[in-house]
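Report on one structure; see the data block that follows.
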Amino acid sequence: MTTPSLRTLWWLAALIVAMALLGTLYAALLGDQTGSRSADTGKTIPSSLSELTSAVRPVIAAIERYRGEKGFYPVTATDMAGRLPDGVLADQAGDTLSLDLGHGILWVYLRHPDGQGYELTRHITDGGSVVAETEHGTITWLYAESDDEDLSPVSIPQS
């Protein structure tokens, strides 16, 4: 059995250090388990937002289908009857619809007065909010970490 040369040991050590540095860089770029950074604002976004927004995407699709058929967004819970995914309940409260996705997931729908846009808002337990603001079929995701903070555009990856 031959023993490795000093040069071989040096290259092995350099490779291990390089791999450790790459792992650290990778973790920093992707964010930790508590959240990631939005490319739009640099804000830390809780990882749970991806799950929350994934849960509401079928509702958004149903709302967009309604707009495609009627030329404007729904106004009442009756407009959405039979169009929402199974298990989603709509309840009218004045100008807003409360959309209960089950398991305590409640989104509030408010149509813009011109009928060409809407907001879907989800208040998060730590005081923040996530909003899907839609105008003419284009969705912009907004996020605030607390009620004292203004909503800012963010990129939320689909999970």
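Simple scheme: letters A, B, ... for chains in structure tokens order, numbers from 1 for residues in each chain, numbers from 1 for ligands in the order shown.
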
List the spatial neighbours of region 64-81 of chain A as a ChimeraX atom specification - criterion: any atom at most 7 Å away, only C-alpha atoms, same-chain residues fewer than 4 positions off excluded.
/A:60,90-92,97,111,115-117,137

Counting only C-alpha atoms, which residue out of A:His103, A:Arg57, A:His112, A:Arg122 sits closest to Leu89 (chain A)?
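Closest to Leu89 (chain A), using only C-alpha atoms: A:His103.
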
Just the strand (DSSP E) stuff from region 89-144 of chain A, please, per backbone DSSP, written as a PyMOL selection string.
chain A and resi 89-93+96-100+106-111+117-123+129-135+138-144

Generate a file of the selected residues that holds N, CA and C atoms, formatted as a compact mmCIF listing (two decimals), in the first residue's frame.
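Contents of selection.txt, freshly written:
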# COMPACT_ATOMS: atom_id res chain seq x y z
N LEU A 89 -65.65 27.45 0.42
CA LEU A 89 -66.93 28.07 0.73
C LEU A 89 -66.81 29.58 0.56
N ALA A 90 -67.81 30.19 -0.08
CA ALA A 90 -67.84 31.65 -0.27
C ALA A 90 -68.97 32.23 0.56
N ASP A 91 -68.66 33.30 1.29
CA ASP A 91 -69.65 33.97 2.12
C ASP A 91 -69.61 35.46 1.83
N GLN A 92 -70.77 36.03 1.50
CA GLN A 92 -70.87 37.45 1.15
C GLN A 92 -70.92 38.30 2.42
N ALA A 93 -70.15 39.37 2.46
CA ALA A 93 -70.18 40.33 3.56
C ALA A 93 -70.02 41.72 2.95
N THR A 96 -67.40 42.45 -0.01
CA THR A 96 -66.34 41.45 0.01
C THR A 96 -66.91 40.04 0.08
N LEU A 97 -66.10 39.10 -0.41
CA LEU A 97 -66.41 37.68 -0.27
C LEU A 97 -65.33 37.08 0.62
N SER A 98 -65.77 36.33 1.62
CA SER A 98 -64.83 35.55 2.41
C SER A 98 -64.77 34.18 1.78
N LEU A 99 -63.57 33.74 1.41
CA LEU A 99 -63.37 32.45 0.77
C LEU A 99 -62.64 31.54 1.75
N ASP A 100 -63.37 30.56 2.27
CA ASP A 100 -62.82 29.63 3.25
C ASP A 100 -62.31 28.40 2.51
N LEU A 106 -58.43 31.42 5.32
CA LEU A 106 -59.47 32.34 4.88
C LEU A 106 -58.84 33.45 4.04
N TRP A 107 -59.33 33.63 2.83
CA TRP A 107 -58.91 34.71 1.94
C TRP A 107 -60.11 35.63 1.75
N VAL A 108 -59.86 36.92 1.64
CA VAL A 108 -60.93 37.90 1.43
C VAL A 108 -60.79 38.46 0.02
N TYR A 109 -61.88 38.36 -0.75
CA TYR A 109 -61.93 38.81 -2.14
C TYR A 109 -62.65 40.15 -2.20
N LEU A 110 -62.07 41.12 -2.88
CA LEU A 110 -62.70 42.42 -3.10
C LEU A 110 -62.47 42.81 -4.55
N ARG A 111 -63.57 42.92 -5.29
CA ARG A 111 -63.49 43.30 -6.70
C ARG A 111 -63.28 44.80 -6.81
N GLY A 117 -60.50 44.17 -12.10
CA GLY A 117 -59.44 43.72 -11.20
C GLY A 117 -60.02 43.35 -9.85
N TYR A 118 -59.18 42.76 -9.02
CA TYR A 118 -59.61 42.39 -7.67
C TYR A 118 -58.39 42.19 -6.79
N GLU A 119 -58.65 42.09 -5.50
CA GLU A 119 -57.62 41.74 -4.53
C GLU A 119 -58.10 40.54 -3.73
N LEU A 120 -57.20 39.61 -3.52
CA LEU A 120 -57.42 38.49 -2.61
C LEU A 120 -56.42 38.67 -1.48
N THR A 121 -56.91 38.83 -0.26
CA THR A 121 -56.04 39.11 0.88
C THR A 121 -56.11 37.99 1.90
N ARG A 122 -54.96 37.62 2.41
CA ARG A 122 -54.86 36.63 3.49
C ARG A 122 -54.05 37.25 4.61
N HIS A 123 -54.70 37.42 5.77
CA HIS A 123 -53.99 37.92 6.95
C HIS A 123 -53.28 36.74 7.60
N SER A 129 -49.60 40.32 6.02
CA SER A 129 -50.61 40.03 5.01
C SER A 129 -49.93 39.67 3.70
N VAL A 130 -50.61 38.82 2.95
CA VAL A 130 -50.21 38.54 1.58
C VAL A 130 -51.43 38.84 0.71
N VAL A 131 -51.20 39.51 -0.42
CA VAL A 131 -52.29 39.94 -1.29
C VAL A 131 -51.95 39.55 -2.73
N ALA A 132 -52.95 38.99 -3.39
CA ALA A 132 -52.87 38.79 -4.84
C ALA A 132 -53.69 39.91 -5.45
N GLU A 133 -53.02 40.87 -6.06
CA GLU A 133 -53.72 41.99 -6.69
C GLU A 133 -53.73 41.72 -8.19
N THR A 134 -54.91 41.71 -8.75
CA THR A 134 -55.05 41.36 -10.16
C THR A 134 -55.74 42.50 -10.91
N GLU A 135 -55.15 42.84 -12.05
CA GLU A 135 -55.73 43.86 -12.94
C GLU A 135 -55.63 43.31 -14.35
N THR A 138 -53.52 40.12 -14.84
CA THR A 138 -52.12 40.09 -14.41
C THR A 138 -52.06 40.13 -12.89
N ILE A 139 -51.43 39.11 -12.30
CA ILE A 139 -51.37 39.01 -10.84
C ILE A 139 -50.05 39.58 -10.33
N THR A 140 -50.17 40.43 -9.32
CA THR A 140 -49.01 40.93 -8.58
C THR A 140 -49.17 40.49 -7.14
N TRP A 141 -48.16 39.80 -6.61
CA TRP A 141 -48.18 39.38 -5.21
C TRP A 141 -47.58 40.48 -4.36
N LEU A 142 -48.26 40.82 -3.27
CA LEU A 142 -47.80 41.85 -2.33
C LEU A 142 -47.68 41.21 -0.95
N TYR A 143 -46.74 41.72 -0.15
CA TYR A 143 -46.52 41.15 1.18
C TYR A 143 -46.10 42.23 2.15
N ALA A 144 -46.61 42.13 3.38
CA ALA A 144 -46.18 42.98 4.50
C ALA A 144 -45.96 42.07 5.70

Record the distance separating CA of Thr53 (chain A) and CA of Arg83 (chain A), expressed in Å with one decimal.
18.8 Å

Choose the residue, out of A:Pro157, A:Pro113, A:Pro85, A:Gly128, that has the smallest atom-to-atom separation from Val59 (chain A); count only C-alpha atoms.
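Of A:Pro157, A:Pro113, A:Pro85, A:Gly128, the one nearest Val59 (chain A) is A:Pro85, counting only C-alpha atoms.
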
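Taking CA of Gly127 (chain A) as the reference point, CA of Gly102 (chain A) is found at 20.1 Å.
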